[in-house]
>>> print(open('input.pdb').read())   # PDB, C-alpha atoms
MODEL        1
ATOM      1  CA  MET A   1       9.574  25.274 -10.451
ATOM      2  CA  ARG A   2       6.551  23.492  -8.997
ATOM      3  CA  THR A   3       6.905  20.619  -6.562
ATOM      4  CA  HIS A   4       4.091  18.155  -5.843
ATOM      5  CA  TYR A   5       4.001  15.928  -2.826
ATOM      6  CA  ILE A   6       1.461  13.821  -1.055
ATOM      7  CA  ALA A   7       1.920  13.241   2.631
ATOM      8  CA  SER A   8       3.550   9.904   3.411
ATOM      9  CA  LEU A   9       1.348   7.509   1.455
ATOM     10  CA  LEU A  10       4.323   5.146   1.280
ATOM     11  CA  VAL A  11       3.723   4.446   4.941
ATOM     12  CA  LEU A  12       0.161   3.422   4.164
ATOM     13  CA  ALA A  13       1.358   1.254   1.326
ATOM     14  CA  PHE A  14       3.735  -0.503   3.699
ATOM     15  CA  ALA A  15       6.531   0.140   1.241
ATOM     16  CA  THR A  16       9.148   1.348   3.682
ATOM     17  CA  ALA A  17      10.655  -0.216   6.743
ATOM     18  CA  GLY A  18      11.261   3.216   8.215
ATOM     19  CA  SER A  19       7.807   3.612   9.704
ATOM     20  CA  PRO A  20       5.579   0.686   8.690
ATOM     21  CA  ALA A  21       1.920   1.202   9.495
ATOM     22  CA  TRP A  22       1.271  -2.523   9.549
ATOM     23  CA  ALA A  23       2.985  -2.869  12.951
ATOM     24  CA  GLN A  24       0.091  -1.615  15.032
ATOM     25  CA  THR A  25       0.500   0.612  18.058
ATOM     26  CA  GLN A  26      -1.944  -1.520  19.999
ATOM     27  CA  ASP A  27      -1.456  -5.161  20.917
ATOM     28  CA  ASN A  28      -2.731  -7.571  18.301
ATOM     29  CA  PRO A  29      -1.811 -11.275  18.060
ATOM     30  CA  LEU A  30      -1.063 -10.763  14.351
ATOM     31  CA  GLY A  31       1.431  -7.948  14.882
ATOM     32  CA  THR A  32       4.346  -6.718  16.966
ATOM     33  CA  PRO A  33       3.345  -5.958  20.599
ATOM     34  CA  ALA A  34       3.091  -2.244  21.375
ATOM     35  CA  ALA A  35       5.921  -2.459  23.938
ATOM     36  CA  ALA A  36       8.435  -3.281  21.186
ATOM     37  CA  VAL A  37       7.414  -0.550  18.736
ATOM     38  CA  GLY A  38      10.107   2.087  18.295
ATOM     39  CA  ARG A  39      12.709   0.315  20.419
ATOM     40  CA  PHE A  40      16.219   0.138  18.940
ATOM     41  CA  SER A  41      18.791  -2.482  19.861
ATOM     42  CA  GLU A  42      22.075  -4.008  18.735
ATOM     43  CA  ASN A  43      20.954  -7.291  20.295
ATOM     44  CA  TYR A  44      19.276  -8.619  17.163
ATOM     45  CA  ALA A  45      18.026 -11.837  18.718
ATOM     46  CA  GLU A  46      16.293  -9.858  21.454
ATOM     47  CA  ALA A  47      14.925  -7.316  18.974
ATOM     48  CA  VAL A  48      13.402 -10.128  16.919
ATOM     49  CA  ARG A  49      12.025 -11.913  19.967
ATOM     50  CA  MET A  50      10.336  -8.723  21.182
ATOM     51  CA  ALA A  51       8.872  -8.019  17.722
ATOM     52  CA  LEU A  52       7.417 -11.478  17.097
ATOM     53  CA  PRO A  53       3.608 -11.550  16.896
ATOM     54  CA  PRO A  54       2.431 -13.665  19.854
ATOM     55  CA  ILE A  55       0.092 -15.869  17.826
ATOM     56  CA  ASP A  56       0.804 -19.623  18.081
ATOM     57  CA  ASN A  57       0.113 -22.482  15.657
ATOM     58  CA  ASP A  58      -3.410 -23.132  16.904
ATOM     59  CA  GLY A  59      -4.286 -19.455  16.812
ATOM     60  CA  LEU A  60      -2.821 -19.099  13.326
ATOM     61  CA  ALA A  61      -4.849 -22.085  12.100
ATOM     62  CA  LYS A  62      -8.054 -20.497  13.393
ATOM     63  CA  VAL A  63      -7.208 -17.201  11.715
ATOM     64  CA  MET A  64      -6.572 -18.919   8.376
ATOM     65  CA  GLU A  65      -9.897 -20.755   8.606
ATOM     66  CA  ARG A  66     -11.544 -17.382   9.178
ATOM     67  CA  VAL A  67      -9.690 -15.996   6.164
ATOM     68  CA  ARG A  68     -10.751 -18.938   4.018
ATOM     69  CA  ALA A  69     -14.410 -18.488   4.977
ATOM     70  CA  ALA A  70     -14.264 -14.740   4.320
ATOM     71  CA  ALA A  71     -12.475 -15.278   1.000
ATOM     72  CA  ALA A  72     -15.262 -17.596  -0.146
ATOM     73  CA  ASN A  73     -17.629 -14.630   0.129
ATOM     74  CA  SER A  74     -15.145 -12.124  -1.253
ATOM     75  CA  LYS A  75     -16.102 -10.364  -4.479
ATOM     76  CA  PRO A  76     -13.937  -8.757  -7.166
ATOM     77  CA  LEU A  77     -14.525  -5.284  -8.577
ATOM     78  CA  ALA A  78     -17.970  -4.670 -10.080
ATOM     79  CA  ILE A  79     -16.400  -4.162 -13.529
ATOM     80  CA  SER A  80     -15.605  -7.222 -15.613
ATOM     81  CA  ASN A  81     -14.354  -5.834 -18.939
ATOM     82  CA  SER A  82     -13.053  -2.678 -20.586
ATOM     83  CA  ALA A  83     -16.401  -1.798 -22.162
ATOM     84  CA  GLU A  84     -17.995  -1.804 -18.708
ATOM     85  CA  LEU A  85     -15.143   0.335 -17.398
ATOM     86  CA  GLU A  86     -15.719   2.925 -20.138
ATOM     87  CA  LYS A  87     -19.428   3.034 -19.326
ATOM     88  CA  PHE A  88     -18.798   3.153 -15.568
ATOM     89  CA  PHE A  89     -16.522   6.199 -15.804
ATOM     90  CA  GLY A  90     -18.250   7.818 -18.786
ATOM     91  CA  LEU A  91     -15.203   7.482 -21.046
ATOM     92  CA  ARG A  92     -15.182   7.693 -24.819
ATOM     93  CA  SER A  93     -15.058   4.238 -26.384
ATOM     94  CA  ARG A  94     -11.632   3.511 -27.855
ATOM     95  CA  ASN A  95     -11.003  -0.132 -28.796
ATOM     96  CA  PRO A  96     -12.083  -1.457 -25.376
ATOM     97  CA  ASP A  97     -11.011  -5.064 -26.092
ATOM     98  CA  ARG A  98      -7.320  -4.281 -25.433
ATOM     99  CA  SER A  99      -7.247  -5.852 -21.990
ATOM    100  CA  GLY A 100      -4.044  -5.069 -20.099
ATOM    101  CA  ASP A 101      -2.905  -2.313 -22.478
ATOM    102  CA  PHE A 102      -3.103   1.427 -21.990
ATOM    103  CA  VAL A 103      -6.055   2.875 -23.910
ATOM    104  CA  ASP A 104      -6.215   6.558 -24.823
ATOM    105  CA  ALA A 105      -9.834   7.691 -24.494
ATOM    106  CA  GLY A 106      -9.173  11.334 -25.309
ATOM    107  CA  ASP A 107      -9.716  13.144 -22.033
ATOM    108  CA  ALA A 108      -8.532  10.101 -20.081
ATOM    109  CA  VAL A 109      -6.154   7.161 -20.278
ATOM    110  CA  TYR A 110      -7.012   3.795 -18.757
ATOM    111  CA  ARG A 111      -5.689   0.322 -18.290
ATOM    112  CA  PHE A 112      -7.703  -2.684 -17.089
ATOM    113  CA  GLU A 113      -6.612  -6.212 -16.176
ATOM    114  CA  PRO A 114      -9.816  -8.108 -15.323
ATOM    115  CA  GLN A 115      -8.214 -11.360 -14.182
ATOM    116  CA  ALA A 116      -5.890  -9.525 -11.796
ATOM    117  CA  GLY A 117      -8.620  -7.152 -10.605
ATOM    118  CA  ARG A 118      -6.421  -4.158 -11.479
ATOM    119  CA  LEU A 119      -7.573  -0.916 -13.020
ATOM    120  CA  TYR A 120      -5.947   2.430 -13.675
ATOM    121  CA  VAL A 121      -7.679   5.551 -14.972
ATOM    122  CA  THR A 122      -6.146   9.016 -15.141
ATOM    123  CA  TRP A 123      -7.894  12.105 -16.478
ATOM    124  CA  ARG A 124      -6.296  14.981 -18.386
ATOM    125  CA  LEU A 125      -7.536  17.877 -16.300
ATOM    126  CA  THR A 126      -6.197  21.177 -17.607
ATOM    127  CA  ASP A 127      -8.053  23.648 -15.417
ATOM    128  CA  VAL A 128      -6.999  22.564 -11.928
ATOM    129  CA  LYS A 129      -5.681  25.550 -10.015
ATOM    130  CA  PRO A 130      -3.991  25.346  -6.604
ATOM    131  CA  VAL A 131      -5.871  27.043  -3.781
ATOM    132  CA  ALA A 132      -4.984  28.019  -0.240
ATOM    133  CA  ARG A 133      -5.197  25.112   2.184
ATOM    134  CA  ALA A 134      -7.774  26.989   4.249
ATOM    135  CA  THR A 135      -9.958  27.256   1.145
ATOM    136  CA  PHE A 136      -9.407  23.626   0.225
ATOM    137  CA  SER A 137     -10.370  22.450   3.713
ATOM    138  CA  LYS A 138     -13.973  23.342   2.854
ATOM    139  CA  ARG A 139     -13.875  20.851  -0.045
ATOM    140  CA  ILE A 140     -12.540  17.890   1.917
ATOM    141  CA  LYS A 141     -15.859  16.582   3.247
ATOM    142  CA  GLY A 142     -17.376  16.512  -0.239
ATOM    143  CA  ILE A 143     -14.318  14.841  -1.772
ATOM    144  CA  ARG A 144     -14.218  12.158   0.898
ATOM    145  CA  SER A 145     -17.931  11.451   0.441
ATOM    146  CA  ALA A 146     -17.452  11.166  -3.334
ATOM    147  CA  HIS A 147     -14.581   8.721  -2.856
ATOM    148  CA  GLU A 148     -16.607   6.595  -0.448
ATOM    149  CA  ALA A 149     -19.490   6.507  -2.933
ATOM    150  CA  LEU A 150     -17.124   5.422  -5.723
ATOM    151  CA  ALA A 151     -15.743   2.584  -3.604
ATOM    152  CA  SER A 152     -19.298   1.371  -2.971
ATOM    153  CA  ARG A 153     -20.174   1.542  -6.674
ATOM    154  CA  LEU A 154     -17.047  -0.466  -7.478
ATOM    155  CA  GLY A 155     -18.368  -3.237  -5.238
ATOM    156  CA  ILE A 156     -15.847  -2.762  -2.438
ATOM    157  CA  SER A 157     -17.359  -4.042   0.789
ATOM    158  CA  ALA A 158     -16.843  -2.007   3.946
ATOM    159  CA  ASN A 159     -16.098  -5.320   5.705
ATOM    160  CA  GLU A 160     -12.903  -5.632   3.652
ATOM    161  CA  VAL A 161     -11.596  -2.122   4.290
ATOM    162  CA  MET A 162      -8.863  -2.428   6.903
ATOM    163  CA  PHE A 163      -7.721   1.178   6.864
ATOM    164  CA  THR A 164      -8.807   4.430   5.206
ATOM    165  CA  ASP A 165      -6.543   7.429   4.806
ATOM    166  CA  PHE A 166      -7.134  10.833   3.260
ATOM    167  CA  ARG A 167      -4.304  13.189   2.326
ATOM    168  CA  GLU A 168      -4.087  16.525   0.579
ATOM    169  CA  VAL A 169      -2.162  16.777  -2.690
ATOM    170  CA  LEU A 170       0.102  19.754  -2.051
ATOM    171  CA  THR A 171       2.098  21.939  -4.395
ATOM    172  CA  LYS A 172       4.643  24.676  -4.030
ATOM    173  CA  THR A 173       6.284  27.029  -6.520
ATOM    174  CA  ASP A 174       9.815  28.241  -5.810
ATOM    175  CA  ARG A 175      10.381  31.731  -7.167
ATOM    176  CA  ARG A 176      14.155  32.079  -7.062
ATOM    177  CA  VAL A 177      15.768  35.505  -7.454
ATOM    178  CA  PRO A 178      19.221  35.970  -9.083
ATOM    179  CA  ALA A 179      21.948  34.024  -7.310
ATOM    180  CA  SER A 180      23.978  37.191  -6.728
ATOM    181  CA  THR A 181      21.447  38.309  -4.113
ATOM    182  CA  ALA A 182      21.804  34.996  -2.239
ATOM    183  CA  ALA A 183      18.132  35.045  -1.381
ATOM    184  CA  THR A 184      14.938  33.226  -2.314
ATOM    185  CA  ALA A 185      11.297  34.130  -2.138
ATOM    186  CA  ASP A 186       9.130  31.033  -1.770
ATOM    187  CA  SER A 187       5.416  30.929  -2.354
ATOM    188  CA  PRO A 188       3.187  29.252   0.256
ATOM    189  CA  ILE A 189       2.242  25.604   0.030
ATOM    190  CA  MET A 190      -1.085  25.241  -1.790
ATOM    191  CA  ALA A 191      -3.568  22.386  -2.220
ATOM    192  CA  GLU A 192      -4.418  20.849  -5.602
ATOM    193  CA  GLY A 193      -6.676  18.042  -4.456
ATOM    194  CA  GLY A 194      -7.172  15.140  -2.129
ATOM    195  CA  THR A 195      -6.322  11.433  -2.230
ATOM    196  CA  THR A 196      -8.104   8.600  -0.450
ATOM    197  CA  THR A 197      -6.374   5.251   0.010
ATOM    198  CA  LEU A 198      -8.235   2.139   1.161
ATOM    199  CA  LEU A 199      -6.198  -0.852   2.330
ATOM    200  CA  ARG A 200      -7.815  -4.264   2.200
ATOM    201  CA  ALA A 201      -8.117  -7.100   4.680
ATOM    202  CA  VAL A 202      -9.898 -10.428   4.309
ATOM    203  CA  GLY A 203     -10.860 -12.196   7.501
ATOM    204  CA  GLY A 204      -9.041  -9.492   9.435
ATOM    205  CA  VAL A 205      -5.676 -10.120   7.702
ATOM    206  CA  LEU A 206      -4.069  -7.493   5.481
ATOM    207  CA  VAL A 207      -3.994  -8.415   1.778
ATOM    208  CA  GLU A 208      -0.635  -7.229   0.473
ATOM    209  CA  GLY A 209      -0.881  -5.079  -2.649
ATOM    210  CA  SER A 210      -4.687  -4.892  -2.589
ATOM    211  CA  TYR A 211      -6.010  -1.349  -2.323
ATOM    212  CA  LEU A 212      -8.048   1.439  -3.869
ATOM    213  CA  ARG A 213      -6.638   4.915  -4.446
ATOM    214  CA  VAL A 214      -8.706   7.847  -5.678
ATOM    215  CA  SER A 215      -7.522  11.423  -6.276
ATOM    216  CA  SER A 216      -9.753  14.431  -6.969
ATOM    217  CA  PRO A 217      -9.396  18.202  -7.233
ATOM    218  CA  ASP A 218     -12.992  18.602  -6.020
ATOM    219  CA  ALA A 219     -16.107  16.570  -5.219
ATOM    220  CA  LYS A 220     -17.331  16.467  -8.830
ATOM    221  CA  ARG A 221     -14.214  15.273 -10.674
ATOM    222  CA  MET A 222     -11.536  12.637 -10.378
ATOM    223  CA  SER A 223      -7.950  12.874 -11.555
ATOM    224  CA  LEU A 224      -6.927   9.289 -10.765
ATOM    225  CA  VAL A 225      -8.483   5.965  -9.868
ATOM    226  CA  LYS A 226      -6.100   3.094  -9.248
ATOM    227  CA  ALA A 227      -7.126  -0.226  -7.769
ATOM    228  CA  SER A 228      -5.922  -3.760  -7.205
ATOM    229  CA  TRP A 229      -8.833  -5.757  -5.817
ATOM    230  CA  PRO A 230      -8.927  -9.357  -7.090
ATOM    231  CA  ARG A 231     -11.003 -12.232  -5.820
ATOM    232  CA  VAL A 232      -8.947 -13.753  -2.989
ATOM    233  CA  GLN A 233      -8.065 -17.425  -2.839
ATOM    234  CA  LEU A 234      -5.897 -18.870  -0.076
ATOM    235  CA  THR A 235      -3.314 -21.544  -0.851
ATOM    236  CA  ASP A 236      -3.647 -24.808   1.043
ATOM    237  CA  ALA A 237      -2.724 -23.863   4.603
ATOM    238  CA  SER A 238      -4.125 -26.461   6.960
ATOM    239  CA  ALA A 239      -3.105 -26.544  10.626
ATOM    240  CA  ARG A 240      -0.512 -29.248   9.989
ATOM    241  CA  GLN A 241       1.209 -27.147   7.327
ATOM    242  CA  LEU A 242       1.470 -23.889   9.279
ATOM    243  CA  ARG A 243       4.350 -22.649  11.378
ATOM    244  CA  ALA A 244       4.120 -19.917  14.002
ATOM    245  CA  PRO A 245       6.378 -16.832  13.728
ATOM    246  CA  LYS A 246       8.325 -17.950  16.835
ATOM    247  CA  ASP A 247       9.448 -21.081  14.991
ATOM    248  CA  MET A 248      11.724 -18.936  12.808
ATOM    249  CA  LEU A 249      13.281 -16.735  15.512
ATOM    250  CA  ASP A 250      16.871 -17.924  14.973
ATOM    251  CA  GLU A 251      16.732 -17.555  11.177
ATOM    252  CA  PHE A 252      15.297 -14.040  11.454
ATOM    253  CA  ALA A 253      17.928 -12.957  13.963
ATOM    254  CA  LYS A 254      20.793 -14.284  11.815
ATOM    255  CA  ARG A 255      19.568 -12.558   8.658
ATOM    256  CA  ILE A 256      18.922  -9.232  10.364
ATOM    257  CA  ALA A 257      22.282  -9.332  12.163
ATOM    258  CA  ASN A 258      24.077 -10.032   8.887
ATOM    259  CA  ASP A 259      22.293  -7.218   7.033
ATOM    260  CA  SER A 260      22.404  -4.649   9.859
ATOM    261  CA  ARG A 261      26.160  -4.940  10.542
ATOM    262  CA  GLY A 262      26.180  -3.676  14.101
ATOM    263  CA  VAL A 263      23.758  -0.752  13.624
ATOM    264  CA  PRO A 264      20.941  -0.606  16.224
ATOM    265  CA  VAL A 265      17.598  -1.455  14.633
ATOM    266  CA  SER A 266      13.913  -1.445  15.418
ATOM    267  CA  VAL A 267      12.019  -4.516  14.166
ATOM    268  CA  ARG A 268       8.297  -4.760  13.443
ATOM    269  CA  MET A 269       6.283  -7.661  12.096
ATOM    270  CA  ALA A 270       2.767  -8.534  10.967
ATOM    271  CA  VAL A 271       0.953 -11.548   9.559
ATOM    272  CA  VAL A 272      -0.291 -10.731   6.043
ATOM    273  CA  LEU A 273      -1.577 -12.460   2.924
ATOM    274  CA  ARG A 274       1.186 -12.331   0.309
ATOM    275  CA  PRO A 275       0.433 -12.667  -3.426
ATOM    276  CA  VAL A 276       2.044 -15.865  -4.653
ATOM    277  CA  ASP A 277       2.747 -15.203  -8.318
ATOM    278  CA  ALA A 278       1.920 -12.569 -10.937
ATOM    279  CA  ALA A 279       0.778 -15.428 -13.166
ATOM    280  CA  LYS A 280      -1.753 -16.481 -10.522
ATOM    281  CA  PRO A 281      -3.600 -13.273  -9.582
ATOM    282  CA  GLY A 282      -5.758 -13.600  -6.489
ATOM    283  CA  MET A 283      -3.761 -16.506  -5.034
ATOM    284  CA  TYR A 284      -2.298 -15.700  -1.595
ATOM    285  CA  VAL A 285      -0.217 -17.390   1.063
ATOM    286  CA  PRO A 286      -0.048 -16.535   4.787
ATOM    287  CA  SER A 287       3.241 -14.756   5.349
ATOM    288  CA  LEU A 288       5.102 -12.760   7.972
ATOM    289  CA  LYS A 289       6.117  -9.283   6.871
ATOM    290  CA  ILE A 290       9.228  -8.027   8.663
ATOM    291  CA  GLY A 291      10.323  -4.404   8.674
ATOM    292  CA  VAL A 292      13.761  -3.392   9.942
ATOM    293  CA  GLU A 293      14.428   0.289  10.646
ATOM    294  CA  PRO A 294      18.060   1.316  11.306
ATOM    295  CA  LYS A 295      18.686   3.964  13.927
ATOM    296  CA  ALA A 296      19.787   7.342  12.589
ATOM    297  CA  ILE A 297      23.565   7.775  12.769
ATOM    298  CA  LYS A 298      25.069  11.104  13.788
ATOM    299  CA  THR A 299      27.624  12.443  11.323
ATOM    300  CA  ALA A 300      29.644  15.633  10.953
ATOM    301  CA  ASP A 301      26.898  17.041   8.713
ATOM    302  CA  GLY A 302      23.945  15.988  10.879
ATOM    303  CA  TYR A 303      22.217  12.595  10.866
ATOM    304  CA  ARG A 304      22.183   9.808   8.304
ATOM    305  CA  THR A 305      19.073   7.653   8.140
ATOM    306  CA  ASP A 306      19.266   4.478   6.060
ATOM    307  CA  ALA A 307      16.199   3.172   4.255
ATOM    308  CA  GLY A 308      15.902  -0.111   6.116
ATOM    309  CA  MET A 309      14.695  -3.458   4.803
ATOM    310  CA  VAL A 310      11.469  -5.408   4.351
ATOM    311  CA  TYR A 311      11.459  -9.213   4.363
ATOM    312  CA  TYR A 312       8.783 -11.877   3.915
ATOM    313  CA  SER A 313       8.707 -15.319   5.471
ATOM    314  CA  ASP A 314       5.832 -17.574   4.443
ATOM    315  CA  LEU A 315       4.152 -19.264   7.402
ATOM    316  CA  LEU A 316       4.228 -22.743   5.871
ATOM    317  CA  LYS A 317       6.449 -25.490   7.246
ATOM    318  CA  ASP A 318       7.941 -26.434   3.873
ATOM    319  CA  SER A 319       8.781 -22.856   2.881
ATOM    320  CA  PRO A 320      12.285 -21.339   2.985
ATOM    321  CA  ALA A 321      13.053 -18.884   5.761
ATOM    322  CA  PHE A 322      12.736 -15.918   3.384
ATOM    323  CA  VAL A 323      10.964 -15.407   0.067
ATOM    324  CA  GLU A 324      11.007 -12.648  -2.512
ATOM    325  CA  ALA A 325       7.781 -10.653  -2.685
ATOM    326  CA  SER A 326       6.038 -11.051  -6.031
ATOM    327  CA  GLY A 327       2.738 -11.238  -7.796
ATOM    328  CA  GLY A 328       1.008  -8.030  -6.803
ATOM    329  CA  ASP A 329       0.703  -4.384  -7.613
ATOM    330  CA  THR A 330       1.531  -1.912  -4.862
ATOM    331  CA  ALA A 331      -0.146   1.237  -3.702
ATOM    332  CA  GLU A 332       2.956   3.383  -3.896
ATOM    333  CA  ALA A 333       3.753   3.198  -7.603
ATOM    334  CA  ASP A 334       2.093   2.865 -10.989
ATOM    335  CA  LYS A 335       3.258   0.135 -13.319
ATOM    336  CA  GLY A 336       4.114   1.004 -16.874
ATOM    337  CA  THR A 337       3.899   4.364 -18.588
ATOM    338  CA  ALA A 338       0.626   5.842 -19.724
ATOM    339  CA  PRO A 339       0.405   7.799 -22.979
ATOM    340  CA  ASN A 340       0.721  11.562 -22.606
TER     341      ASN A 340
ENDMDL
END
>>> encode(input="input.pdb", output="structure tokens")
Amino acid sequence: MRTHYIASLLVLAFATAGSPAWAQTQDNPLGTPAAAVGRFSENYAEAVRMALPPIDNDGLAKVMERVRAAAANSKPLAISNSAELEKFFGLRSRNPDRSGDFVDAGDAVYRFEPQAGRLYVTWRLTDVKPVARATFSKRIKGIRSAHEALASRLGISANEVMFTDFREVLTKTDRRVPASTAATADSPIMAEGGTTTLLRAVGGVLVEGSYLRVSSPDAKRMSLVKASWPRVQLTDASARQLRAPKDMLDEFAKRIANDSRGVPVSVRMAVVLRPVDAAKPGMYVPSLKIGVEPKAIKTADGYRTDAGMVYYSDLLKDSPAFVEASGGDTAEADKGTAPN
């Protein structure tokens, strides 16, 4: 039995409340102050107050003007249709006018949604063999350079890259002996490739669901390219329409208290750009992302750690206290099922 795992990319995708990377460990007016990070409390009002980003209405208005100016110069991916995608990646042409559908190009399968700025390409590599991690370490520099070059060719500006992470794709084979011996002989963890994830910011504010992910077994080949990088447009968010995070302190505390049910929690927050609607790709609204991590509970069998919660609260005066996230792809999962 072979097990594949890639080290904690969910954290980078901001998909879990357990250890959200978007709550920075250094003070930033758009995120939770460093002093509150990792602190657990049953006093939910105090936990929320400590986690609130310190930015006020005037500061938020200035940030959104900066975002609007940066968005005006923002560019989508340098591929505008499926035929260009096939040429870009050297794929065999297979009915390239099927925008939004999976297309089987023989040695690869792709999907492209031009209006949403989303692409997915996966290659059928049959000769990838795991190697020792010490051996693979010599390939990392070349793989990272190849991924950086691809991002540049795709038209991704370094000014919009908020965070870059590289992780090994690891694999392990369990060789189990007969149960009667009550013993196992496990093989060592090996490396099958490397994955680079780029998270996007416009005007210094994280764009939720906008990213590039590239996986490769070596510097010359790719096994996966997945991106969501649309042209960004900000909804009308003038100074008179904005509300600061502190304006919603009571509502946040009530919701978290109700959901946490007496369990100590750690709260982290960050101002982000949230996609408004799947039907309006590229349209974003300033929003507060709230992650709630429950404290591990000691049990007779050890410790139980609950998954936690993630909430969004749009920073517009006429918005409800909480909104459901929608409209964007995420870096932690692929949508749909590609042909085998």
>>> residues_around(input="input.pdb", residues="region 242-255 of chain A", least_positions_apart="2", cutoff="8 Å", atoms="all atoms listed in the file", output="ChimeraX atom specification")
/A:44-45,48-49,52-57,60-61,237-240,257-259,288,315-317,321
>>> resolve_selection(input="input.pdb", expression="the PyMOL selection byres ((chain A and resi 281) around 10)", output="list in words")
Pro114, Gln115, Ala116, Gly117, Arg118, Trp229, Pro230, Arg231, Val232, Gln233, Pro275, Val276, Asp277, Ala278, Ala279, Lys280, Gly282, Met283, Tyr284, Gly327 and Gly328 of chain A
>>> atom_distance(input="input.pdb", atom1="CA of Ser313 (chain A)", atom2="CA of Leu199 (chain A)")
21.0 Å
>>> residues_around(input="input.pdb", residues="Leu77 (chain A)", least_positions_apart="3", cutoff="12 Å", atoms="only C-alpha atoms", output="JSON list (two decimals) with C-alpha atoms, in the coordinates of the input")
[["chain", "number", "residue", "atom", "x", "y", "z"],
["A", 74, "SER", "CA", -15.14, -12.12, -1.25],
["A", 80, "SER", "CA", -15.60, -7.22, -15.61],
["A", 81, "ASN", "CA", -14.35, -5.83, -18.94],
["A", 84, "GLU", "CA", -18.00, -1.80, -18.71],
["A", 85, "LEU", "CA", -15.14, 0.34, -17.40],
["A", 88, "PHE", "CA", -18.80, 3.15, -15.57],
["A", 112, "PHE", "CA", -7.70, -2.68, -17.09],
["A", 113, "GLU", "CA", -6.61, -6.21, -16.18],
["A", 114, "PRO", "CA", -9.82, -8.11, -15.32],
["A", 115, "GLN", "CA", -8.21, -11.36, -14.18],
["A", 116, "ALA", "CA", -5.89, -9.52, -11.80],
["A", 117, "GLY", "CA", -8.62, -7.15, -10.60],
["A", 118, "ARG", "CA", -6.42, -4.16, -11.48],
["A", 119, "LEU", "CA", -7.57, -0.92, -13.02],
["A", 150, "LEU", "CA", -17.12, 5.42, -5.72],
["A", 151, "ALA", "CA", -15.74, 2.58, -3.60],
["A", 152, "SER", "CA", -19.30, 1.37, -2.97],
["A", 153, "ARG", "CA", -20.17, 1.54, -6.67],
["A", 154, "LEU", "CA", -17.05, -0.47, -7.48],
["A", 155, "GLY", "CA", -18.37, -3.24, -5.24],
["A", 156, "ILE", "CA", -15.85, -2.76, -2.44],
["A", 157, "SER", "CA", -17.36, -4.04, 0.79],
["A", 210, "SER", "CA", -4.69, -4.89, -2.59],
["A", 211, "TYR", "CA", -6.01, -1.35, -2.32],
["A", 212, "LEU", "CA", -8.05, 1.44, -3.87],
["A", 226, "LYS", "CA", -6.10, 3.09, -9.25],
["A", 227, "ALA", "CA", -7.13, -0.23, -7.77],
["A", 228, "SER", "CA", -5.92, -3.76, -7.20],
["A", 229, "TRP", "CA", -8.83, -5.76, -5.82],
["A", 230, "PRO", "CA", -8.93, -9.36, -7.09],
["A", 231, "ARG", "CA", -11.00, -12.23, -5.82],
["A", 232, "VAL", "CA", -8.95, -13.75, -2.99]]
>>> residues_around(input="input.pdb", residues="Val267 (chain A)", least_positions_apart="5", cutoff="7 Å", atoms="all atoms listed in the file", output="list in words")
Ala47, Val48, Ala51, Gly291, Val292 and Glu293 of chain A
>>> residues_near_point(input="input.pdb", point="(-12.5, 18.8, 1.7)", cutoff="10 Å", atoms="only C-alpha atoms", output="PyMOL selection string")
chain A and resi 133-145+166-168+193-194+217-219
>>> resolve_selection(input="input.pdb", expression="the PyMOL selection byres ((chain A and resi 161) around 9)", output="list in words")
Ile156, Ser157, Ala158, Asn159, Glu160, Met162, Phe163, Thr164, Leu198, Leu199, Arg200, Ala201, Val202 and Tyr211 of chain A
>>> write_last_selection(input="input.pdb", atoms="C-alpha atoms", output="PDB file, in the frame of the given file")
ATOM      1  CA  ILE A 156     -15.847  -2.762  -2.438  1.00  0.00           C
ATOM      2  CA  SER A 157     -17.359  -4.042   0.789  1.00  0.00           C
ATOM      3  CA  ALA A 158     -16.843  -2.007   3.946  1.00  0.00           C
ATOM      4  CA  ASN A 159     -16.098  -5.320   5.705  1.00  0.00           C
ATOM      5  CA  GLU A 160     -12.903  -5.632   3.652  1.00  0.00           C
ATOM      6  CA  MET A 162      -8.863  -2.428   6.903  1.00  0.00           C
ATOM      7  CA  PHE A 163      -7.721   1.178   6.864  1.00  0.00           C
ATOM      8  CA  THR A 164      -8.807   4.430   5.206  1.00  0.00           C
ATOM      9  CA  LEU A 198      -8.235   2.139   1.161  1.00  0.00           C
ATOM     10  CA  LEU A 199      -6.198  -0.852   2.330  1.00  0.00           C
ATOM     11  CA  ARG A 200      -7.815  -4.264   2.200  1.00  0.00           C
ATOM     12  CA  ALA A 201      -8.117  -7.100   4.680  1.00  0.00           C
ATOM     13  CA  VAL A 202      -9.898 -10.428   4.309  1.00  0.00           C
ATOM     14  CA  TYR A 211      -6.010  -1.349  -2.323  1.00  0.00           C
TER      15      TYR A 211
END
>>> resolve_selection(input="input.pdb", expression="the PyMOL selection byres ((chain A and resi 129) around 9)", output="PDB file with C-alpha atoms, in the frame of the given file")
ATOM      1  CA  THR A 126      -6.197  21.177 -17.607  1.00  0.00           C
ATOM      2  CA  ASP A 127      -8.053  23.648 -15.417  1.00  0.00           C
ATOM      3  CA  VAL A 128      -6.999  22.564 -11.928  1.00  0.00           C
ATOM      4  CA  PRO A 130      -3.991  25.346  -6.604  1.00  0.00           C
ATOM      5  CA  VAL A 131      -5.871  27.043  -3.781  1.00  0.00           C
ATOM      6  CA  ALA A 191      -3.568  22.386  -2.220  1.00  0.00           C
ATOM      7  CA  GLU A 192      -4.418  20.849  -5.602  1.00  0.00           C
ATOM      8  CA  PRO A 217      -9.396  18.202  -7.233  1.00  0.00           C
TER       9      PRO A 217
END
>>> atom_distance(input="input.pdb", atom1="CA of Arg268 (chain A)", atom2="CA of Lys298 (chain A)")
23.1 Å
>>> axis_aligned_box(input="input.pdb", around="region 205-210 of chain A", padding_each_side="3 Å", output="AutoDock Vina command-line options")
--center_x -3.2 --center_y -7.5 --center_z 2.5 --size_x 11.0 --size_y 11.2 --size_z 16.4
